[in-house]
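Beneath this line is the structure, given in structure tokens, with notes to follow.
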Amino acid sequence: MTNKERIKQLYETTHLDDEGLRLLLTTMTKEDEDYLYACAREVRHAVYGHDIYMRGLIEFSSICKNDCYYCGLRRSNKNAERYRLTKEQILSCTDTGYELGFRTFVLQSGEDPYYTDDKICDIVAAIKERHPDCAITLSIGEKSRESYQAYYDAGANRYLLRHETSNPDHYRYLHPEALTIENRKRCLKDLKEIGYQVGCGIMVNSPGQTVDHIIEDLHYMQDFQPHMVGIGPFIPHKDTPFKDEKKGTLIDTLHLLAIIRLMIPEVLLPATTALGTIDPRGRELGVLAGANVIMPNLSPKDVRTKYMLYDGKICTGEEAAECRFCMERRMEAIGYQVVESRGDHIHKQFVDSE
Ligand code: 5AD
Ligand code: FES
């Protein structure tokens with residue numbers, strides 16, 4: 001079998017054996033690659049057309065009780081500047097975002113115990129009341145099933161929680177003892193059962209990651225059938241234990257985006273800020289490899305530089321409107337159009353929107 005035949009099989013059946021996946025991940029030529037991206041685009045066009053869904057990202061707290069070795073917000077990082085947004089500040093972000101055409105808001109933070117379940121529910125309900133036609137995505141970490149249920153009942157529609165790696169040894173290499181892959185997977189399962197549109201995902205080329213780990217991740221994701229998959233390159237942060245590790249590559253990230261599009265055709269797949277950070281055309285290339293979502297930053301300008309997961313993060317000096325229109329221009333330049341829509345998963349479009 002040639003790589004081209006492997007790609008064709010993946011395109012036609014969504015399946016490929018481990019050896020095939022390994023060869024695709026390690027031996028593709030430029031020609032194979034172009035064929036892979038063309039197949040991924042074809043699948044994406046069949047499911048979601050040429051639309052690009054926008055999510056307005058509101059990074060509402062940089063305080064985190066966890067200590068993940070890769071992340072700049074880890075609690076041991078004494079150099080990190082910490083902040084919390086008030087409910088009023090968050091609502092002001094969503095109002096700005098609404099005017100700019102955003103119909104999904106992603107509320108993301110470190111795992112910050114200050115925001116109790118009641119506070120989160122109150123914020124979610126207030127956004128829903130002001131903007132009933134918008135979807136709310138939470139990205140606030142590991143919680144109990146009861147908490148997830150409460151946020152859902154308050155009006156949250158989606159939840160992002162990257163699993164980071166499905167291999168237990170690799171998970172241990174990236175996280176201290178307090179976090180386990182079992183609990184991470186339990187969270188993802190609970191979220192899906194409750195009815196959220198759920199996103200998992202990994203960092204590409206994270207320290208200690210092998211091709212076998214990636215194959216394991218692909219299987220985990222295909223089994224789990226997430227509605228969204230967030231993947232971007234690992235990028236070292238200067239104040240973390242992984243400060244001297246190599247950053248992830250553009251090529252590996254693009255390959256994986258395209259393979260995920262073929263394995264989970266209906267998935268919502270963002271071209272991430274991390275991808276835009278390692279290459280000036282990263283997000284465009286991500287879309288051309290099968291991604292269909294972008295997540296411009298809606299956080300207030302004065303806190304942007306304080307939400308540093310990794311070094312060099314882009315768009316920390318821009319206003320929300322600048323990123324919004326910058327992305328529209330960039331997407332138009334490659335033949336795609338940013339749409340003013342909630343951008344639900346194709347199976348959830350009539351289920352979730354009131
Ligand atoms: N490089 C790239 N991505 C990172 N994240 C955290 N730290 C880094 C880093 N150094 C990602 C994780 C997390 C998401 C919010 O950001 O995958 O789930
Ligand atoms: Fe932020 Fe282009 S998307 S400046």
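Residues are named by chain letter and number: chains run A, B, ... in the order of the structure tokens, numbers start at 1 in each chain, and ligands are numbered from 1 in the order shown.
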
Could you name the residues that touch region 196-213 of chain A at 8 Å or less, counting only C-alpha atoms, but leaving out those on the same chain fewer than 4 positions away, as a PyMOL selection string?
-> chain A and resi 22+25+152+156-167+170+173-174+188+191-192+217+221+226-234+242+245-249+252-253+345+348

Counting only C-alpha atoms and all ligand atoms, which protein, DNA or RNA residues come within 7 Å of ligand 2, given as a ChimeraX atom specification?
-> /A:296,314-315,318,322-324,326-327

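The neighbours of Tyr11 (chain A) here are the residues that come within 8 Å of it, using only C-alpha atoms and leaving out any residue fewer than 3 positions away in the same chain; they are Ile7, Lys8, Thr14, Cys39, Ala40, Val43, Leu262 and Met263 of chain A.
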
For the residues in the current selection, export N, CA, C and O atoms as a short mmCIF file (atom, residue, chain, number, x, y, z; two decimals), in the first residue's frame.
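Output file result26.cif follows:
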```cif
data_model
loop_
_atom_site.label_atom_id
_atom_site.label_comp_id
_atom_site.auth_asym_id
_atom_site.auth_seq_id
_atom_site.Cartn_x
_atom_site.Cartn_y
_atom_site.Cartn_z
N ILE A 7 -4.26 7.21 2.53
CA ILE A 7 -5.08 8.42 2.70
C ILE A 7 -6.46 8.20 2.08
O ILE A 7 -7.49 8.55 2.67
N LYS A 8 -6.46 7.55 0.92
CA LYS A 8 -7.74 7.29 0.24
C LYS A 8 -8.64 6.40 1.10
O LYS A 8 -9.83 6.63 1.24
N THR A 14 -12.95 6.28 7.00
CA THR A 14 -12.56 6.87 8.29
C THR A 14 -11.66 5.93 9.13
O THR A 14 -11.37 6.24 10.28
N CYS A 39 -8.08 15.97 0.49
CA CYS A 39 -9.14 15.08 0.98
C CYS A 39 -9.82 15.67 2.21
O CYS A 39 -11.05 15.65 2.34
N ALA A 40 -9.02 16.21 3.12
CA ALA A 40 -9.57 16.79 4.35
C ALA A 40 -10.49 17.96 4.01
O ALA A 40 -11.57 18.10 4.59
N VAL A 43 -13.87 16.71 2.62
CA VAL A 43 -14.75 16.24 3.69
C VAL A 43 -15.36 17.44 4.42
O VAL A 43 -16.57 17.50 4.67
N LEU A 262 -10.41 13.53 8.64
CA LEU A 262 -10.80 12.32 7.91
C LEU A 262 -11.37 11.24 8.84
O LEU A 262 -12.28 10.50 8.47
N MET A 263 -10.84 11.16 10.06
CA MET A 263 -11.30 10.12 10.98
C MET A 263 -12.62 10.46 11.67
O MET A 263 -13.38 9.57 12.05
#
```

Neighbours of Arg261 (chain A) within 7 Å (only C-alpha atoms; same-chain residues fewer than 4 positions away dropped), as a ChimeraX atom specification?
-> /A:40,257,265,267,290

Just-selected residues, C-alpha atoms written as a PDB file, in the first residue's frame:
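Wrote it out as again.pdb, contents follow:
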```pdb
ATOM      1  CA  ALA A  40      -9.572  16.785   4.350  1.00  0.00           C
ATOM      2  CA  LEU A 257      -5.563  18.258  11.773  1.00  0.00           C
ATOM      3  CA  PRO A 265     -15.637  13.963   9.468  1.00  0.00           C
ATOM      4  CA  VAL A 267     -15.931  17.363  14.022  1.00  0.00           C
ATOM      5  CA  GLY A 290      -9.415  20.822   7.251  1.00  0.00           C
TER       6      GLY A 290
END
```

Which of region 107-169 of chain A counts as helix (DSSP H, G or I) under DSSP, as a PyMOL selection string please?
-> chain A and resi 117-130+145-154+168-169

Tell me, as a list of chain:residue names, which residues lie within 9 Å of Cys93 (chain A), counting only C-alpha atoms; anything in the same chain fewer than 5 positions away does not count.
->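 So the residues in contact are A:Gly56, A:Ile58, A:Glu88, A:Tyr98, A:Leu298, A:Ser299, A:Pro300, A:Ala320.
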
Leaving out Val339 (chain A) and any residue of its chain fewer than 4 positions from it, which residues lie within 8 Å of it when counting only C-alpha atoms, given as a ChimeraX atom specification?
-> /A:51-54

Using only C-alpha atoms and all ligand atoms: which of A:Pro280, A:Pro236, A:Gly141, A:Gly343 has the shortest distance to ligand 1 |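 Checking each of A:Pro280, A:Pro236, A:Gly141, A:Gly343 against ligand 1, counting only C-alpha atoms and all ligand atoms, the winner is A:Pro236.
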